[in-house]
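Coordinates from start.cif are shown below (mmCIF, C-alpha atoms and all ligand atoms).
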```cif
data_target
loop_
_atom_site.label_atom_id
_atom_site.label_comp_id
_atom_site.auth_asym_id
_atom_site.auth_seq_id
_atom_site.Cartn_x
_atom_site.Cartn_y
_atom_site.Cartn_z
CA MET A 89 -14.34 -21.14 15.15
CA ALA A 90 -11.18 -20.17 16.98
CA MET A 91 -8.92 -18.03 14.86
CA ASP A 92 -5.87 -18.71 16.99
CA HIS A 93 -3.91 -19.95 14.00
CA HIS A 94 -3.60 -16.37 12.85
CA PRO A 95 -0.41 -14.61 13.84
CA GLU A 96 -0.64 -11.33 15.74
CA HIS A 97 -0.02 -8.14 13.87
CA PRO A 98 -1.15 -4.65 14.91
CA ASP A 99 -2.16 -3.70 11.36
CA VAL A 100 -4.07 -6.87 10.53
CA THR A 101 -7.52 -7.15 12.09
CA VAL A 102 -9.50 -10.34 12.62
CA GLU A 103 -11.72 -9.40 9.67
CA MET A 104 -8.65 -8.96 7.52
CA TRP A 105 -7.32 -12.39 8.47
CA THR A 106 -10.67 -13.90 7.52
CA ARG A 107 -10.53 -12.19 4.14
CA ILE A 108 -6.91 -13.29 3.69
CA ASP A 109 -7.92 -16.91 4.31
CA GLU A 110 -10.61 -16.58 1.63
CA ILE A 111 -8.14 -15.05 -0.82
CA ILE A 112 -5.66 -17.88 -0.31
CA GLU A 113 -8.39 -20.52 -0.50
CA GLU A 114 -9.91 -19.11 -3.70
CA ASN A 115 -6.66 -18.64 -5.55
CA LYS A 116 -4.10 -21.15 -4.46
CA MET A 117 -4.86 -23.63 -7.24
CA GLN A 118 -4.73 -21.04 -10.02
CA PRO A 119 -1.67 -20.55 -12.21
CA GLY A 120 0.19 -17.38 -11.26
CA ALA A 121 -1.77 -17.40 -8.03
CA LEU A 122 0.95 -15.91 -5.88
CA ILE A 123 0.87 -12.50 -7.54
CA THR A 124 -2.92 -12.39 -7.36
CA VAL A 125 -2.88 -13.39 -3.71
CA LEU A 126 -0.24 -10.79 -2.87
CA ARG A 127 -2.15 -8.09 -4.71
CA LEU A 128 -5.47 -8.88 -3.01
CA CYS A 129 -3.85 -9.18 0.41
CA GLN A 130 -2.14 -5.84 -0.11
CA ASP A 131 -5.51 -4.32 -1.08
CA THR A 132 -6.92 -5.74 2.14
CA VAL A 133 -4.22 -4.64 4.57
CA GLY A 134 -2.67 -1.71 2.72
CA TYR A 135 0.77 -3.30 2.56
CA LEU A 136 2.44 -6.66 3.05
CA PRO A 137 4.06 -7.02 6.47
CA PRO A 138 6.58 -9.90 6.74
CA THR A 139 4.30 -11.79 9.14
CA LEU A 140 1.65 -11.82 6.43
CA LEU A 141 4.11 -13.00 3.79
CA ASP A 142 5.05 -15.95 6.01
CA TYR A 143 1.39 -16.73 6.49
CA ILE A 144 0.72 -16.62 2.75
CA ALA A 145 3.70 -18.91 2.13
CA GLN A 146 2.32 -21.44 4.59
CA GLY A 147 -1.17 -21.24 3.18
CA MET A 148 0.03 -21.74 -0.37
CA ASN A 149 2.63 -24.36 0.45
CA LEU A 150 5.46 -22.25 -0.85
CA ALA A 151 8.82 -21.43 0.64
CA SER A 152 8.87 -18.09 2.47
CA SER A 153 11.92 -17.13 0.45
CA GLN A 154 9.93 -17.52 -2.76
CA VAL A 155 7.09 -15.36 -1.49
CA PHE A 156 9.50 -12.69 -0.19
CA GLY A 157 11.36 -12.86 -3.50
CA VAL A 158 8.23 -12.07 -5.52
CA ALA A 159 6.97 -9.44 -3.06
CA THR A 160 10.27 -7.55 -3.15
CA PHE A 161 10.78 -7.93 -6.91
CA TYR A 162 7.67 -6.06 -8.02
CA SER A 163 7.49 -2.38 -7.17
CA LEU A 164 3.71 -2.79 -7.01
CA PHE A 165 4.14 -4.43 -3.64
CA SER A 166 5.08 -2.62 -0.47
CA LEU A 167 6.50 -4.36 2.58
CA GLU A 168 6.26 -1.16 4.58
CA PRO A 169 3.11 0.68 5.57
CA LYS A 170 2.29 3.61 3.33
CA GLY A 171 1.01 7.01 4.33
CA ARG A 172 -2.62 8.09 4.02
CA ASN A 173 -1.42 10.58 1.42
CA ILE A 174 1.04 9.46 -1.21
CA ILE A 175 3.12 12.25 -2.67
CA LYS A 176 4.40 11.37 -6.11
CA ALA A 177 7.06 13.89 -7.05
CA CYS A 178 7.98 13.81 -10.73
CA THR A 179 11.69 13.33 -11.27
CA GLY A 180 11.46 13.41 -15.07
CA THR A 181 13.77 15.69 -17.02
CA ALA A 182 11.48 18.73 -17.29
CA CYS A 183 10.65 18.64 -13.60
CA TYR A 184 14.25 18.05 -12.70
CA VAL A 185 15.34 21.09 -14.67
CA LYS A 186 12.58 23.18 -13.07
CA GLY A 187 13.70 22.27 -9.58
CA ILE A 188 11.76 19.27 -8.30
CA LYS A 189 14.76 18.38 -6.12
CA GLU A 190 14.36 21.60 -4.20
CA VAL A 191 10.67 20.88 -3.80
CA MET A 192 11.49 17.43 -2.45
CA ASN A 193 14.11 18.85 -0.11
CA HIS A 194 11.49 21.09 1.44
CA ILE A 195 9.17 18.14 1.97
CA GLU A 196 11.99 16.01 3.35
CA ASN A 197 13.06 18.66 5.82
CA LYS A 198 9.57 19.56 6.97
CA TYR A 199 8.34 16.02 7.51
CA GLY A 200 11.59 14.23 8.27
CA ILE A 201 11.30 11.68 5.49
CA LYS A 202 13.40 10.84 2.49
CA GLU A 203 12.26 9.63 -0.90
CA GLY A 204 10.61 6.23 -0.48
CA GLU A 205 9.82 6.82 3.19
CA THR A 206 6.67 7.33 5.22
CA THR A 207 6.19 9.67 8.17
CA GLU A 208 5.85 7.93 11.51
CA ASP A 209 2.25 9.10 11.87
CA ARG A 210 1.60 7.64 8.39
CA ARG A 211 0.39 10.91 7.10
CA PHE A 212 2.67 11.07 4.06
CA THR A 213 4.70 8.78 1.86
CA LEU A 214 7.11 10.52 -0.50
CA GLU A 215 7.82 8.81 -3.81
CA GLY A 216 9.87 9.90 -6.78
CA VAL A 217 8.21 8.88 -10.04
CA ARG A 218 8.97 9.12 -13.75
CA CYS A 219 7.49 11.74 -16.05
CA LEU A 220 3.82 12.23 -15.23
CA GLY A 221 3.09 13.54 -18.72
CA ALA A 222 2.37 17.05 -17.52
CA CYS A 223 5.76 18.58 -18.33
CA GLY A 224 4.12 21.94 -19.21
CA LEU A 225 3.34 22.25 -15.50
CA ALA A 226 6.82 21.34 -14.29
CA PRO A 227 7.75 20.90 -11.54
CA VAL A 228 4.81 18.65 -10.74
CA MET A 229 3.69 16.42 -7.91
CA ILE A 230 0.57 14.37 -7.36
CA VAL A 231 -0.85 14.11 -3.86
CA GLY A 232 -3.51 11.43 -3.60
CA GLU A 233 -5.66 12.23 -6.65
CA ASP A 234 -4.67 15.86 -6.99
CA ILE A 235 -2.11 17.19 -9.39
CA HIS A 236 -0.12 20.25 -8.33
CA GLY A 237 1.99 22.01 -10.94
CA ASN A 238 4.30 25.00 -11.24
CA LEU A 239 5.40 24.24 -7.73
CA ASP A 240 7.23 26.82 -5.74
CA PRO A 241 9.47 24.98 -3.26
CA LYS A 242 8.66 27.51 -0.56
CA GLU A 243 4.93 26.96 -0.93
CA VAL A 244 4.87 23.21 -1.22
CA THR A 245 4.53 22.53 2.48
CA THR A 246 1.59 24.96 2.62
CA ILE A 247 -0.13 22.86 -0.05
CA LEU A 248 0.55 19.73 1.96
CA GLU A 249 -0.95 21.17 5.14
CA ASP A 250 -4.38 20.57 3.57
CA TYR A 251 -3.81 16.82 3.61
CA ALA A 252 -4.55 15.29 6.99
S1 LIG B 301 9.03 15.55 -16.46
FE1 LIG B 301 7.63 15.90 -14.88
S2 LIG B 301 5.75 15.79 -15.87
FE2 LIG B 301 7.13 15.33 -17.40
#
```

Representation of the structure as structure tokens:
Amino acid sequence: MAMDHHPEHPDVTVEMWTRIDEIIEENKMQPGALITVLRLCQDTVGYLPPTLLDYIAQGMNLASSQVFGVATFYSLFSLEPKGRNIIKACTGTACYVKGIKEVMNHIENKYGIKEGETTEDRRFTLEGVRCLGACGLAPVMIVGEDIHGNLDPKEVTTILEDYA
């Protein structure tokens, strides 16, 4: 079957579009379906590009504005691509006092991103998060699955070099 009804997007492969069609088909009659569909589509593609949001709106017979509204309201959803490695820098009180800002400045300067941004090569996304519950290790960041504590701002970029 021709798949020419799918819009073009560099990050969405033919297989992904097929999966997206299934997701919409399976869920569109369920209550609260939109959030489920957005979540599953984000799992499939990695994020929710605007082209995809328009496509979901069409498929579910909803206004684009409604779909964009929900996708931008919940922090769970990302309309921008994320990096392969997500850096979650703790901006809770203990980490703040122990200098997480300086740590973040080093990351920002080295990789040319600000909080909430992703490097152009999609290697890193830098996020500020609330207390990670490891205040004894302040200042703390999580990279992917790894927790790094007692961070020395000068060494933080050395730690990050291990993440490709
Ligand atoms: S304030 Fe950073 S872990 Fe608690």

Item checked: Surroundings of ligand LIG 301 (chain B) up to 12 Å, based on only C-alpha atoms and all ligand atoms, as a VMD selection string -> chain A and resid 176 to 189 216 to 230 235 to 239

Next item on the list: Could you tell me which of A:Glu208, A:Asp131, A:Glu96, A:Glu103 comes closest to Tyr143 of chain A if we count all atoms listed in the file?
Entry: A:Glu96

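If all atoms listed in the file are the atoms counted, then among A:Gly232, A:Pro241, A:Gly200, A:Pro137 the closest residue to Pro98 of chain A is A:Pro137.
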
Next item on the list: Pick out the closest residue to Thr213 of chain A from this set: A:Glu196, A:Asn173, A:Glu190, A:Ser163. Count all atoms listed in the file.
Entry: A:Asn173

Notebook entry, point to check: Which of these residues is nearest to Asn149 of chain A, using all atoms listed in the file: A:Glu113, A:Glu203, A:Cys129, A:Lys170?
Noted result: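 Closest to Asn149 of chain A of all the choices is A:Glu113.
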
Margin query: Given all atoms listed in the file as the basis, pick out the residue of A:Ala159, A:Glu215, A:Glu243, A:Gly171 nearest to Lys198 of chain A.
Written below: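 Closest residue, counting all atoms listed in the file: A:Glu243.
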
Note to self: Just want the 12 Å neighbourhood of Val158 of chain A, counted on all atoms listed in the file, with same-chain residues fewer than 5 positions away dropped. Output as a ChimeraX atom specification.
What the structure shows: /A:120-127,136,141,145,150-153,163-167

Please, could you write that set of residues out with C-alpha atoms as a PDB file, in the coordinates of the input?
```
ATOM      1  CA  GLY A 120       0.190 -17.380 -11.260  1.00  0.00           C
ATOM      2  CA  ALA A 121      -1.770 -17.400  -8.030  1.00  0.00           C
ATOM      3  CA  LEU A 122       0.950 -15.910  -5.880  1.00  0.00           C
ATOM      4  CA  ILE A 123       0.870 -12.500  -7.540  1.00  0.00           C
ATOM      5  CA  THR A 124      -2.920 -12.390  -7.360  1.00  0.00           C
ATOM      6  CA  VAL A 125      -2.880 -13.390  -3.710  1.00  0.00           C
ATOM      7  CA  LEU A 126      -0.240 -10.790  -2.870  1.00  0.00           C
ATOM      8  CA  ARG A 127      -2.150  -8.090  -4.710  1.00  0.00           C
ATOM      9  CA  LEU A 136       2.440  -6.660   3.050  1.00  0.00           C
ATOM     10  CA  LEU A 141       4.110 -13.000   3.790  1.00  0.00           C
ATOM     11  CA  ALA A 145       3.700 -18.910   2.130  1.00  0.00           C
ATOM     12  CA  LEU A 150       5.460 -22.250  -0.850  1.00  0.00           C
ATOM     13  CA  ALA A 151       8.820 -21.430   0.640  1.00  0.00           C
ATOM     14  CA  SER A 152       8.870 -18.090   2.470  1.00  0.00           C
ATOM     15  CA  SER A 153      11.920 -17.130   0.450  1.00  0.00           C
ATOM     16  CA  SER A 163       7.490  -2.380  -7.170  1.00  0.00           C
ATOM     17  CA  LEU A 164       3.710  -2.790  -7.010  1.00  0.00           C
ATOM     18  CA  PHE A 165       4.140  -4.430  -3.640  1.00  0.00           C
ATOM     19  CA  SER A 166       5.080  -2.620  -0.470  1.00  0.00           C
ATOM     20  CA  LEU A 167       6.500  -4.360   2.580  1.00  0.00           C
TER      21      LEU A 167
END
```

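Distance-wise, atom CA of Leu140 of chain A and atom CA of Val100 of chain A end up 8.6 Å apart.
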
Check: Distance atom CA of Met148 of chain A-atom CA of Arg107 of chain A, one decimal place?
Finding: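 A separation of 14.9 Å between them.
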
Next item on the list: Give me, please, the distance in Å between atom CA of His97 of chain A and atom CA of Gln118 of chain A, quoted to one decimal.
Entry: 27.6 Å

Emit as AutoDock Vina command-line options the padded axis-aligned box for all listed atoms of segment 214-232 of chain A, 5 Å per side, with centre and edge lengths in Å to one decimal.
```
--center_x 3.2 --center_y 15.5 --center_z -9.9 --size_x 23.4 --size_y 23.4 --size_z 28.7
```

Next item on the list: Identify which of the residues A:Val244, A:Asp234, A:Phe161, A:Lys116 lies closest to Asn197 of chain A, counting all atoms listed in the file when measuring atom-to-atom distances.
Entry: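 With all atoms listed in the file as the atom set, the closest residue is A:Val244.
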
Check: Excluding same-chain residues fewer than 2 positions from Lys242 of chain A, what lies within 10 Å of it counting only C-alpha atoms, as a PyMOL selection string?
Finding: chain A and resi 190-191+194-195+239-240+244-247
